[in-house]
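Working notes for the structure below.
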Amino acid sequence: MKLVRQLSLLSVLSLATIKGFAHYTLPDLIVNGTVTADWQYVRETANHYSNGPVTDVTSDAIRCYELDSTSAGAAGIATVAAGSTVGFRSNIALYHPGYLSAYMSPASPAANSNSAGLGKTWFKIWEAKPAYSSSTGMTFPTENEQEFTFTIPKSTPTGQYLLRGEQIALHVASTVDGAQFYIGCAQLNVVNGGSGKPGPLVSFPGAYSPTDPGILINIYTLPAGYAGYQAREYSRRILRYRKSFTTRAIAGPAVWSG
């Protein structure tokens, strides 16, 4: 009986250890419903074995989390039309609570160049916001999904780009450098584009601060301003605050929709 208890305890500890380290990567590009092979168009990331996240938003790893200087040349360049549905598939479900964003950056001279994505060139094209209610607290509609997709704006100019998919996991984000960033950068050749002027433009690193409201946050505690909230109170002030909170709980610039 003692041996059985010890084995059961070891099993529980083993499962806890596995879950603790079972983070994820974003190795697969999705184009119009088709999932491509691992790292076929996505630059291989430094966590391709460990699955570990980036936690320092001031490091160069926050850009594309590349394995090394060979990642860009090893990945191909996928040709997609402006207006196409694209996205990423993770190696396991995105089980951490957090939100998703997608950015693009023009790539010159080519998407597989190591200089692509440097400087203030990135613009956000999509985000999946958290939701909030008094009964559930903050929730994340994309939690436990393995794929996320979005549209390249139809007015995106023709050319080569980096497409950066990201989940910011917030389960331990109540202290500085607690938020976890899971990142993948795919290399694209966008055709049949338009004459839009993407913006606002940001850089990586530079787009985020360790103390941004959407990065330094305790998602398990009611935000300031809800302390006296009662279920029967639906004043305009409270409804405005709820809307603004879920908006400012997203890091980075506004979405450019074209």
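In the structure tokens, chains take the letters A, B, ... in the order shown, each chain's residues start at 1, and ligands count up from 1 in the order shown.
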
Using only C-alpha atoms, which residues of range 138-199 of chain A come within 9 Å of range 77-101 of chain A, and what is the closest atom pair for each, with the distance in Å to one decimal? Give it as a tab-separated table, sorted by chain and residue number.
residue	atom	partner	partner_atom	distance
A:Thr139	CA	A:Pro97	CA	7.6
A:Phe140	CA	A:Gly98	CA	6.2
A:Pro141	CA	A:Tyr99	CA	8.4
A:Thr142	CA	A:Tyr99	CA	7.2
A:Glu143	CA	A:Pro97	CA	5.6
A:Asn144	CA	A:Tyr95	CA	4.4
A:Glu145	CA	A:Ala93	CA	5.4
A:Gln146	CA	A:Ala93	CA	4.3
A:Glu147	CA	A:Arg89	CA	4.4
A:Phe148	CA	A:Gly87	CA	5.5
A:Thr149	CA	A:Gly87	CA	4.0
A:Phe150	CA	A:Thr85	CA	5.5
A:Thr151	CA	A:Thr85	CA	4.4
A:Ile152	CA	A:Gly83	CA	5.0
A:Pro153	CA	A:Gly83	CA	5.3
A:Lys154	CA	A:Gly83	CA	4.2
A:Ser155	CA	A:Ala82	CA	7.0
A:Thr156	CA	A:Ala82	CA	6.2
A:Pro157	CA	A:Ala82	CA	8.0
A:Thr158	CA	A:Ala82	CA	7.6
A:Gln160	CA	A:Ile77	CA	8.5
A:Leu163	CA	A:Gly87	CA	9.0
A:Arg164	CA	A:Ser101	CA	8.3
A:Gly165	CA	A:Ser101	CA	6.1
A:Glu166	CA	A:Ser101	CA	5.4
A:Gln167	CA	A:Leu100	CA	4.5
A:Ile168	CA	A:Gly98	CA	5.3
A:Ala169	CA	A:Gly98	CA	4.1
A:Leu170	CA	A:Gly98	CA	5.2
A:His171	CA	A:Pro97	CA	6.0
A:Gln180	CA	A:Gly98	CA	9.0
A:Gly184	CA	A:Phe88	CA	8.0
A:Ala186	CA	A:Ile77	CA	7.8
A:Gln187	CA	A:Ile77	CA	4.9
A:Leu188	CA	A:Ala78	CA	4.8
A:Asn189	CA	A:Thr79	CA	4.5
A:Val190	CA	A:Val80	CA	5.1
A:Val191	CA	A:Ala81	CA	4.7
A:Asn192	CA	A:Ala81	CA	5.6
A:Gly193	CA	A:Ala82	CA	5.1
A:Gly194	CA	A:Ala82	CA	7.7

Practice item. Determine which residues of range 41-104 of chain A DSSP labels as strand (DSSP E or B) from the backbone of this structure, then write them out as a VMD selection string. Key: chain A and resid 42 45 54 66 78 to 81 85 to 89 98 to 104

Point to revise | Option closest in space to Ala116 in chain A, from A:Leu216, A:Cys64, A:Ala179, A:Val35 [counting only C-alpha atoms] | key: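 Answer, going by the shortest atom-to-atom distance: A:Cys64.
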
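Every protein or nucleic acid residue with an atom no more than 8 Å from Gly119 in chain A, counting only C-alpha atoms and leaving out same-chain residues fewer than 5 positions away, appears here: A:Val202, A:Ser203, A:Phe204.
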
Point to revise | Selection near Ala72 in chain A, 12 Å with only C-alpha atoms, sequence-local residues under 2 positions removed, as an NGL selection string | key: :A and (39-45 or 64-70 or 74-77 or 107 or 110-117 or 162 or 184-188)

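If you look at CA of Pro210 in chain A and CA of Gly178 in chain A, they are 9.0 Å away from each other.
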
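Between CA of Lys124 in chain A and CA of Trp256 in chain A the separation is 5.9 Å.
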
**Study point:** From A:Thr58, A:Thr36, A:Val176, A:Pro205, residue lying nearest Lys120 in chain A [only C-alpha atoms]
**Key:**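 Looking only at the distances to Lys120 in chain A, the closest residue turns out to be A:Pro205.
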
Those of range 24-209 of chain A in DSSP alpha helix (DSSP H), formatted as a PDB file with N, CA, C and O atoms, in the first residue's frame:
ATOM      1  N   ALA A  61      14.918  38.891 -28.884  1.00  0.00           N
ATOM      2  CA  ALA A  61      14.121  37.679 -29.074  1.00  0.00           C
ATOM      3  C   ALA A  61      12.637  37.992 -29.224  1.00  0.00           C
ATOM      4  O   ALA A  61      11.887  37.198 -29.804  1.00  0.00           O
ATOM      5  N   ILE A  62      12.194  39.147 -28.734  1.00  0.00           N
ATOM      6  CA  ILE A  62      10.786  39.510 -28.803  1.00  0.00           C
ATOM      7  C   ILE A  62      10.343  39.750 -30.251  1.00  0.00           C
ATOM      8  O   ILE A  62       9.141  39.731 -30.545  1.00  0.00           O
ATOM      9  N   ARG A  63      11.292  39.922 -31.161  1.00  0.00           N
ATOM     10  CA  ARG A  63      10.929  40.170 -32.563  1.00  0.00           C
ATOM     11  C   ARG A  63      10.383  38.900 -33.196  1.00  0.00           C
ATOM     12  O   ARG A  63       9.217  38.832 -33.570  1.00  0.00           O
ATOM     13  N   CYS A  64      11.234  37.898 -33.367  1.00  0.00           N
ATOM     14  CA  CYS A  64      10.816  36.650 -34.006  1.00  0.00           C
ATOM     15  C   CYS A  64      11.303  35.407 -33.272  1.00  0.00           C
ATOM     16  O   CYS A  64      11.037  34.292 -33.725  1.00  0.00           O
ATOM     17  N   SER A  71      17.976  30.844 -39.456  1.00  0.00           N
ATOM     18  CA  SER A  71      16.527  30.572 -39.482  1.00  0.00           C
ATOM     19  C   SER A  71      15.837  31.217 -40.670  1.00  0.00           C
ATOM     20  O   SER A  71      14.941  30.622 -41.280  1.00  0.00           O
ATOM     21  N   ALA A  72      16.247  32.444 -41.003  1.00  0.00           N
ATOM     22  CA  ALA A  72      15.591  33.157 -42.099  1.00  0.00           C
ATOM     23  C   ALA A  72      15.831  32.462 -43.432  1.00  0.00           C
ATOM     24  O   ALA A  72      14.901  32.246 -44.219  1.00  0.00           O
ATOM     25  N   GLY A  73      17.075  32.076 -43.705  1.00  0.00           N
ATOM     26  CA  GLY A  73      17.402  31.439 -44.972  1.00  0.00           C
ATOM     27  C   GLY A  73      16.858  30.034 -45.104  1.00  0.00           C
ATOM     28  O   GLY A  73      16.613  29.559 -46.215  1.00  0.00           O
ATOM     29  N   ALA A  74      16.652  29.366 -43.971  1.00  0.00           N
ATOM     30  CA  ALA A  74      16.171  27.984 -44.014  1.00  0.00           C
ATOM     31  C   ALA A  74      14.685  27.889 -44.314  1.00  0.00           C
ATOM     32  O   ALA A  74      14.217  26.876 -44.847  1.00  0.00           O
TER      33      ALA A  74
END

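Between CA of His48 in chain A and CA of Gly159 in chain A the separation is 28.4 Å.
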